[in-house]
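Only one structure is covered here, and it is reproduced in the block below.
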Amino acid sequence: MHLYIELFTAKDAWLELGPEQREAYVQQVGSSMQGVLDAGAELVGSGTTDPGTSQHAGFDFFAVWKLPNAEVVREFEEGIERDRWYDYFEQVNASGELVDFASLAQRVTEL
C-alpha cells in the first residue's frame, strides 16, 4: 500500500477562468480519475491547509490518497499530467510505501 500526498495552490491561470470553466474542468478531472479509482485508489482526505500549522508548507490545499501499489501510483501521476493539472496549480507531492511507526523509526535511525 502506498500513500500519495499532494499540496497545491491555484496559479493565475486557474484564477483567470470563469466559474463555468472551472466547473467543467473539475468534472473532466473527476471523470478521468475513474480508472485509478477502479484500480483501488482511495481519497483518504482533503481540505484547506491551516496557515497556523507549525512549519506550514505554504500551500492552500492538500489531498491524501491511498493507492494499492506503485503501478497505480504511476497511473495516478500520468493522469495528473494528462489532465494538465500543473497548468493550473503549483504543487508538490510526496509518496511512498505505507509502513508502521516502528519500521519508519528503523529507517530513520539507519540514515
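For the C-alpha cells, the naming scheme is as follows: chains receive sequential letters (A, B, ...) according to their order of presentation, residues are indexed from 1 within each chain, and ligands are indexed from 1 in presentation order.
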Q. Where does DSSP see strand (DSSP E) in segment 34-88 of chain A, if you list the residues as a PyMOL selection string?
A. chain A and resi 42-48+61-67
Could you write out that same residue set with C-alpha atoms as a PDB file, in the first residue's frame?
ATOM      1  CA  GLU A  42      -8.906   5.893  -2.358  1.00  0.00           C
ATOM      2  CA  LEU A  43      -9.048   9.526  -1.301  1.00  0.00           C
ATOM      3  CA  VAL A  44      -8.268   9.370   2.421  1.00  0.00           C
ATOM      4  CA  GLY A  45      -8.947  13.051   2.928  1.00  0.00           C
ATOM      5  CA  SER A  46      -8.518  16.534   1.517  1.00  0.00           C
ATOM      6  CA  GLY A  47      -9.036  20.110   2.576  1.00  0.00           C
ATOM      7  CA  THR A  48      -7.729  23.607   3.004  1.00  0.00           C
ATOM      8  CA  PHE A  61      -4.894  22.821  -0.221  1.00  0.00           C
ATOM      9  CA  PHE A  62      -3.994  19.193   0.472  1.00  0.00           C
ATOM     10  CA  ALA A  63      -5.138  15.748  -0.604  1.00  0.00           C
ATOM     11  CA  VAL A  64      -4.043  12.392   0.793  1.00  0.00           C
ATOM     12  CA  TRP A  65      -4.540   9.279  -1.315  1.00  0.00           C
ATOM     13  CA  LYS A  66      -4.113   5.606  -0.553  1.00  0.00           C
ATOM     14  CA  LEU A  67      -3.029   3.607  -3.598  1.00  0.00           C
TER      15      LEU A  67
END
Q: Give me, please, the distance in Å between atom CA of Ser95 of chain A and atom CA of Leu111 of chain A, quoted to one decimal.
A: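 Here the two named atoms are 18.7 Å from each other.
Shortest separation to Glu78 of chain A among A:Ala41, A:Ala102, A:Val36, A:Glu110 occurs at residue A:Val36, atoms counted being only C-alpha atoms.
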Q: Do a neighbour search on Val99 of chain A at 9 Å with only C-alpha atoms, toss out local chain neighbours closer than 4 positions, and write the hits as a PyMOL selection string.
A: chain A and resi 1-2+103-104
Q) So which residues touch Asp87 of chain A within 9 Å, counting only C-alpha atoms, skipping near sequence neighbours fewer than 5 positions away, as a list in words? A)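 The contact residues come out as Lys11, Ala13 and Trp14 of chain A.
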N, CA and C atoms of the current selection, written as a PDB file, in the first residue's frame:
ATOM      1  N   LYS A  11      -2.764  28.686  -9.418  1.00  0.00           N
ATOM      2  CA  LYS A  11      -1.971  29.637 -10.205  1.00  0.00           C
ATOM      3  C   LYS A  11      -2.912  30.683 -10.804  1.00  0.00           C
ATOM      4  N   ALA A  13      -3.484  31.189 -13.840  1.00  0.00           N
ATOM      5  CA  ALA A  13      -4.250  30.583 -14.934  1.00  0.00           C
ATOM      6  C   ALA A  13      -5.585  30.028 -14.440  1.00  0.00           C
ATOM      7  N   TRP A  14      -5.597  29.476 -13.230  1.00  0.00           N
ATOM      8  CA  TRP A  14      -6.845  28.968 -12.651  1.00  0.00           C
ATOM      9  C   TRP A  14      -7.754  30.130 -12.236  1.00  0.00           C
TER      10      TRP A  14
END
Q: Provide the atom CA of Met33 of chain A to atom CA of Glu97 of chain A distance in Å, to one decimal place.
A: 21.0 Å
Q | DSSP-assigned alpha helix (DSSP H) among segment 3-64 of chain A, expressed as a list in words | A |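 Reading the DSSP output for segment 3-64 of chain A, alpha helix (DSSP H) covers Asp12, Ala13, Trp14, Leu15, Pro19, Glu20, Gln21, Arg22, Glu23, Ala24, Tyr25, Val26, Gln27, Gln28, Val29, Gly30, Ser31, Ser32, Gln34, Gly35, Val36, Leu37 and Asp38 of chain A.
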**Q.** One-decimal distance in Å that lies between atom CA of Glu75 of chain A and atom CA of Tyr88 of chain A
**A.** 19.9 Å
**Q.** For Asn69 of chain A, the nearest of the candidates A:Gly18, A:Gly30, A:Gly35, A:Gly40, counting only C-alpha atoms
**A.**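 So, comparing all the options, the nearest one is A:Gly40.
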Q. Near Gln91 of chain A, counting only C-alpha atoms, which residues have an atom at most 12 Å away, once you skip same-chain residues fewer than 5 positions from it, shown as a count of residues only?
A. 18
Q: Counting only C-alpha atoms, figure out which residue out of A:Val73, A:Thr109, A:Asp83, A:Phe101 gets nearest to Val26 of chain A.
A: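 Smallest distance to Val26 of chain A is found for A:Asp83.
Distances here use only C-alpha atoms; by that measure, the residue among A:Ser32, A:Ser54, A:Gln21, A:Gln27 closest to Phe76 of chain A is A:Ser32.
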